[in-house]
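*Asks:* Here you go, one structure.
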Amino acid sequence: MILAKFILFLPLIAAVIVGLNTSRLHYRLAQIITTSATMIAAILSIITFKNVAIDGDVYNIIIADWINSGTFVASWSLQIDSLTATMLVVVTGVSSLVHLYSIGYMAEDEHKQRFMCYLSLFTFFMLVLVTGNNFIQMFVGWEGVGLCSYLLIGFWFKKPSANAASIKAFVVNRVGDFGFILGIASVFVLFGSVEYGGVFPAVAGKADVYWSLLGYRVHALTLTCILLFIGACGKSAQIGLHTWLPDAMEGPTPVSALIHAATMVTAGIYMIARSSIIYVLAPVAMDIVAIVGMLTAVWAALIALTQTDIKKVLAYSTVSQLGYMFVAAGLGAYWVALFHLAAHAFFKSVLIE
C-alpha cells in the first residue's frame with residue numbers, strides 16, 4: 001500500500017531536507033516543508049484508517065530485507081492493521097498540530113530550523129515504532145524517539161536545567177530499555193522469531209513452557225511479559241521510572257505537547273496492546289501491569305495536588321492518566337486503553353499548548 005510508505009517517509013524526508021540545509025535554507029521555508037509533510041501524512045493516515053479500520057483491509061508491506069543471520073530474520077516491513085491505523089492517526093494528527101503551533105511559538109528563536117528538523121525526525125521514529133511488523137523494528141523506533149527526546153528536551157542547551165532534564169530522560173529510559181532488550185531476547189529464545197507473524201500464532205503452544213532461572217522454575221511467557229513491561233514502564237513513565245517526565249517540561253512547550261500527548265509516552269501502551277496475545281496467557285504479568293498502573297495513577301495524582309507550577313501539574317496528570325491506561329490493559333480491556341490513549345493525546349496536547 002503506497003499510502004503507508006508516504007506516511008512513514010514524509011517526515012523523514014522533510015527532516016533530512018531541513019537538517020542538511022540548516023545554514024542556507026530560509027527558516028520560513030523550513031517550517032513550511034516540515035509542517036506540510038506532517039499534515040499530508042496526517043491526511044493519508046485518515047484515509048488509511050478508513051481503509052483498514054472501517055473497510056477491514058490489512059496490509060503487510062516488505063520494504064527491504066534487513067537482518068538475516070542463521071535463524072534470526074527480521075525484515076524492514078510495514079504492518080498496517082487496525083491498531084497501527086489508529087496510532088497513525090494519533091501520531092500524525094497531533095504531530096501536525098504541534099508543527100503548526102511551533103511556527104509561531106519558535107518565531108523568535110535563532111535555531112528554529114534545527115527545532116523543526118528534530119520534530120520531524122521524532123515523528124518519523126514514532127511511525128517506525130508503530131508500523132513495524134517485528135520487535136526489532138519496534139525497538140529501532142523505540143530508541144529513535146528516546147534519542148530525539150534527548151535532543152528536544154535539551155534544545156535550549158544553554159539552560160542548565162534543560163541539560164539536566166534531557167540527561168535524566170535519556171538515562172532513565174535506558175533502564176527501561178534494558179528490560180525491553182531482554183524481553184525481545186526472551187521472545188526470540190521462546191519462539192525462534194521476532195516477527196509478529198512468527199510469534200503470535202505460536203503463543204498458545206508455549207503456554208506451558210517453563211525455564212530454569214537461578215534455580216527457580218519460571219513460566220516463560222510470564223517472564224517475557226514482565227521484561228517487556230519494564231521497557232514500557234520506562235517509556236510510559238510508570239512509578240519508579242516516572243521521574244524523567246515532569247522534568248521534560250524544561251524543553252520548549254511544543255516538545256512537551258508532543259512527548260506528553262501523542263508519541264513517546266504512548267509507546268509503552270502500544271507495545272503491550274500489540275503483544276496482548278502473549279499477555280493474555282500470562283495472567284500474573286497482567287496482574288502486575290494492572291497493579292503498577294493503579295499505583296502510578298494514584299501516586300501521580302496525589303503529587304499533582306501538591307504542585308504549584310502549572311506545568312508540573314500537567315506533567316503529573318499525564319503520568320496519572322498513563323497509569324489508568326495500564327490498568328485497563330492489565331485487566332484485558334485493551335480497546336479501553338487505546339481509546340483513552342487517543343482521547344488523552346488530543347486533549348492533553350491542546351491543554352499544554
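Ordered as shown in the C-alpha cells, chains take letters A, B, and onward, while each chain numbers its residues from 1 and ligands are numbered from 1 in the order shown.
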How close does region 5-113 of chain A get to region 139-160 of chain A? List, as JSON lines, each residue of region 5-113 of chain A within 12 Å, its nearest atom pair and the distance in Å to one decimal, counting only C-alpha atoms.

*Replies:*
{"residue": "A:Leu8", "atom": "CA", "partner": "A:Gly141", "partner_atom": "CA", "distance": 11.5}
{"residue": "A:Ala15", "atom": "CA", "partner": "A:Cys148", "partner_atom": "CA", "distance": 12.0}
{"residue": "A:Ala74", "atom": "CA", "partner": "A:Phe139", "partner_atom": "CA", "distance": 11.9}
{"residue": "A:Trp76", "atom": "CA", "partner": "A:Val140", "partner_atom": "CA", "distance": 10.6}
{"residue": "A:Met106", "atom": "CA", "partner": "A:Trp156", "partner_atom": "CA", "distance": 11.6}
{"residue": "A:Asp109", "atom": "CA", "partner": "A:Trp156", "partner_atom": "CA", "distance": 9.8}
{"residue": "A:Glu110", "atom": "CA", "partner": "A:Trp156", "partner_atom": "CA", "distance": 10.8}
{"residue": "A:His111", "atom": "CA", "partner": "A:Phe155", "partner_atom": "CA", "distance": 9.2}
{"residue": "A:Lys112", "atom": "CA", "partner": "A:Phe155", "partner_atom": "CA", "distance": 10.2}
{"residue": "A:Gln113", "atom": "CA", "partner": "A:Phe155", "partner_atom": "CA", "distance": 11.9}

*Asks:* With only C-alpha atoms as the counted atoms, please give the residues lying no more than 12 Å from Val16 (chain A), apart from itself and same-chain residues fewer than 4 positions off, as a list in words.

*Replies:*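 With the cut-off at 12 Å, the set is Phe9, Leu10, Pro11, Leu12, Leu20, Asn21, Thr22, Ala30, Ile33, Thr34, Ala37, Gln113, Arg114, Met116, Cys117, Tyr118, Leu119, Ser120, Leu121 and Phe124 of chain A.
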
*Asks:* Keeping only C-alpha atoms, write the selected residues to a file as a CSV table (one decimal), in the first residue's frame.

*Replies:*
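Result saved to result.csv:
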chain,number,residue,atom,x,y,z
A,9,PHE,CA,8.9,8.6,4.9
A,10,LEU,CA,7.4,12.1,4.5
A,11,PRO,CA,8.5,13.3,8.0
A,12,LEU,CA,12.0,11.7,7.4
A,20,LEU,CA,21.1,19.2,5.6
A,21,ASN,CA,20.4,22.8,4.7
A,22,THR,CA,20.2,24.4,8.2
A,30,ALA,CA,12.0,25.0,6.6
A,33,ILE,CA,8.4,21.9,4.4
A,34,THR,CA,8.2,20.1,7.8
A,37,ALA,CA,4.9,16.9,5.3
A,113,GLN,CA,15.3,25.2,11.5
A,114,ARG,CA,17.0,22.7,13.8
A,116,MET,CA,11.7,21.7,13.1
A,117,CYS,CA,14.1,19.1,11.9
A,118,TYR,CA,14.1,17.4,15.4
A,119,LEU,CA,10.3,17.5,15.5
A,120,SER,CA,10.0,15.7,12.1
A,121,LEU,CA,12.7,13.2,13.0
A,124,PHE,CA,9.4,9.5,11.8

*Asks:* Return as an MDAnalysis selection string the full set of residues in region 4-243 of chain A whose backbone-based DSSP assignment is helix (DSSP H, G or I).

*Replies:* chainID A and resid 4:20 27:54 82:105 112:131 135:153 160:191 196:202 204:206 220:235

*Asks:* I'd like to know which of A:Val90, A:Val209, A:Ile136, A:Met264 is closest to Gly234 (chain A), using only C-alpha atoms.

*Replies:*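 Smallest separation from Gly234 (chain A) among the options: A:Met264.
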
*Asks:* Under the rule of at most 8 Å, produce a per-residue listing of region 155-239 of chain A near region 279-288 of chain A: chain, number, name, the closest pair of atoms, and the distance in Å, as JSON lines, using only C-alpha atoms.

*Replies:*
{"residue": "A:Ala204", "atom": "CA", "partner": "A:Leu281", "partner_atom": "CA", "distance": 7.6}
{"residue": "A:Ala207", "atom": "CA", "partner": "A:Leu281", "partner_atom": "CA", "distance": 6.4}
{"residue": "A:Leu221", "atom": "CA", "partner": "A:Ala282", "partner_atom": "CA", "distance": 5.9}
{"residue": "A:Thr222", "atom": "CA", "partner": "A:Ala282", "partner_atom": "CA", "distance": 4.9}
{"residue": "A:Leu223", "atom": "CA", "partner": "A:Ala285", "partner_atom": "CA", "distance": 7.8}
{"residue": "A:Cys225", "atom": "CA", "partner": "A:Ala285", "partner_atom": "CA", "distance": 6.1}
{"residue": "A:Ile226", "atom": "CA", "partner": "A:Ala285", "partner_atom": "CA", "distance": 5.8}

*Asks:* Would you write out those residues with all heavy atoms, as a PDB file, in the first residue's frame?

*Replies:*
ATOM      1  N   ALA A 204      -0.023 -19.898  21.809  1.00  0.00           N
ATOM      2  CA  ALA A 204      -0.810 -20.911  22.516  1.00  0.00           C
ATOM      3  C   ALA A 204      -0.002 -22.176  22.770  1.00  0.00           C
ATOM      4  O   ALA A 204      -0.161 -22.830  23.812  1.00  0.00           O
ATOM      5  CB  ALA A 204      -2.075 -21.240  21.721  1.00  0.00           C
ATOM      6  N   ALA A 207       2.249 -22.018  26.069  1.00  0.00           N
ATOM      7  CA  ALA A 207       1.601 -21.633  27.325  1.00  0.00           C
ATOM      8  C   ALA A 207       2.114 -22.422  28.525  1.00  0.00           C
ATOM      9  O   ALA A 207       2.049 -21.933  29.662  1.00  0.00           O
ATOM     10  CB  ALA A 207       0.087 -21.800  27.202  1.00  0.00           C
ATOM     11  N   LEU A 221       6.361 -17.403  29.441  1.00  0.00           N
ATOM     12  CA  LEU A 221       5.563 -16.292  28.930  1.00  0.00           C
ATOM     13  C   LEU A 221       5.448 -15.170  29.967  1.00  0.00           C
ATOM     14  O   LEU A 221       5.494 -13.988  29.622  1.00  0.00           O
ATOM     15  CB  LEU A 221       4.165 -16.771  28.522  1.00  0.00           C
ATOM     16  CG  LEU A 221       4.071 -17.637  27.266  1.00  0.00           C
ATOM     17  CD1 LEU A 221       2.628 -18.037  27.002  1.00  0.00           C
ATOM     18  CD2 LEU A 221       4.642 -16.905  26.057  1.00  0.00           C
ATOM     19  N   THR A 222       5.316 -15.552  31.227  1.00  0.00           N
ATOM     20  CA  THR A 222       5.217 -14.537  32.288  1.00  0.00           C
ATOM     21  C   THR A 222       6.502 -13.726  32.388  1.00  0.00           C
ATOM     22  O   THR A 222       6.467 -12.488  32.474  1.00  0.00           O
ATOM     23  CB  THR A 222       4.909 -15.200  33.641  1.00  0.00           C
ATOM     24  OG1 THR A 222       3.657 -15.886  33.557  1.00  0.00           O
ATOM     25  CG2 THR A 222       4.848 -14.166  34.746  1.00  0.00           C
ATOM     26  N   LEU A 223       7.640 -14.411  32.360  1.00  0.00           N
ATOM     27  CA  LEU A 223       8.923 -13.705  32.427  1.00  0.00           C
ATOM     28  C   LEU A 223       9.097 -12.782  31.235  1.00  0.00           C
ATOM     29  O   LEU A 223       9.521 -11.626  31.387  1.00  0.00           O
ATOM     30  CB  LEU A 223      10.067 -14.718  32.482  1.00  0.00           C
ATOM     31  CG  LEU A 223      11.487 -14.129  32.486  1.00  0.00           C
ATOM     32  CD1 LEU A 223      11.702 -13.262  33.719  1.00  0.00           C
ATOM     33  CD2 LEU A 223      12.532 -15.243  32.422  1.00  0.00           C
ATOM     34  N   CYS A 225       6.780 -11.360  29.396  1.00  0.00           N
ATOM     35  CA  CYS A 225       5.868 -10.218  29.516  1.00  0.00           C
ATOM     36  C   CYS A 225       6.339  -9.209  30.552  1.00  0.00           C
ATOM     37  O   CYS A 225       6.209  -7.996  30.357  1.00  0.00           O
ATOM     38  CB  CYS A 225       4.462 -10.706  29.860  1.00  0.00           C
ATOM     39  SG  CYS A 225       3.615 -11.552  28.506  1.00  0.00           S
ATOM     40  N   ILE A 226       6.885  -9.689  31.653  1.00  0.00           N
ATOM     41  CA  ILE A 226       7.387  -8.780  32.690  1.00  0.00           C
ATOM     42  C   ILE A 226       8.561  -7.965  32.168  1.00  0.00           C
ATOM     43  O   ILE A 226       8.660  -6.753  32.404  1.00  0.00           O
ATOM     44  CB  ILE A 226       7.784  -9.572  33.956  1.00  0.00           C
ATOM     45  CG1 ILE A 226       6.535 -10.137  34.634  1.00  0.00           C
ATOM     46  CG2 ILE A 226       8.561  -8.682  34.925  1.00  0.00           C
ATOM     47  CD1 ILE A 226       6.834 -11.053  35.805  1.00  0.00           C
TER      48      ILE A 226
END

*Asks:* How would you write, as a ChimeraX atom specification, the set of residues in region 113-338 of chain A that DSSP gives as strand (DSSP E or B)?

*Replies:* /A:134,195,210-213,216-219

*Asks:* Can you list, as an mmCIF file with C-alpha atoms, in the first residue's frame, every protein, DNA or RNA residue that comes within 8 Å of Gln238 (chain A) when you count only C-alpha atoms, leaving out same-chain residues fewer than 5 positions away?

*Replies:*
data_model
loop_
_atom_site.group_PDB
_atom_site.id
_atom_site.type_symbol
_atom_site.label_atom_id
_atom_site.label_comp_id
_atom_site.auth_asym_id
_atom_site.auth_seq_id
_atom_site.Cartn_x
_atom_site.Cartn_y
_atom_site.Cartn_z
ATOM 1 C CA CYS A 233 7.453 1.474 32.342
ATOM 2 C CA VAL A 292 1.659 -0.886 38.762
ATOM 3 C CA GLY A 293 -0.776 1.172 36.705
ATOM 4 C CA THR A 296 1.022 5.118 39.352
ATOM 5 C CA VAL A 319 1.676 10.197 34.466
ATOM 6 C CA LEU A 322 -0.948 6.714 31.723
ATOM 7 C CA GLY A 323 -1.482 4.694 34.883
#

*Asks:* In Å, how far is it from CA of Val175 (chain A) to CA of Asn68 (chain A)?

*Replies:*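 Spanning CA of Val175 (chain A) to CA of Asn68 (chain A) is a straight-line distance of 28.1 Å.
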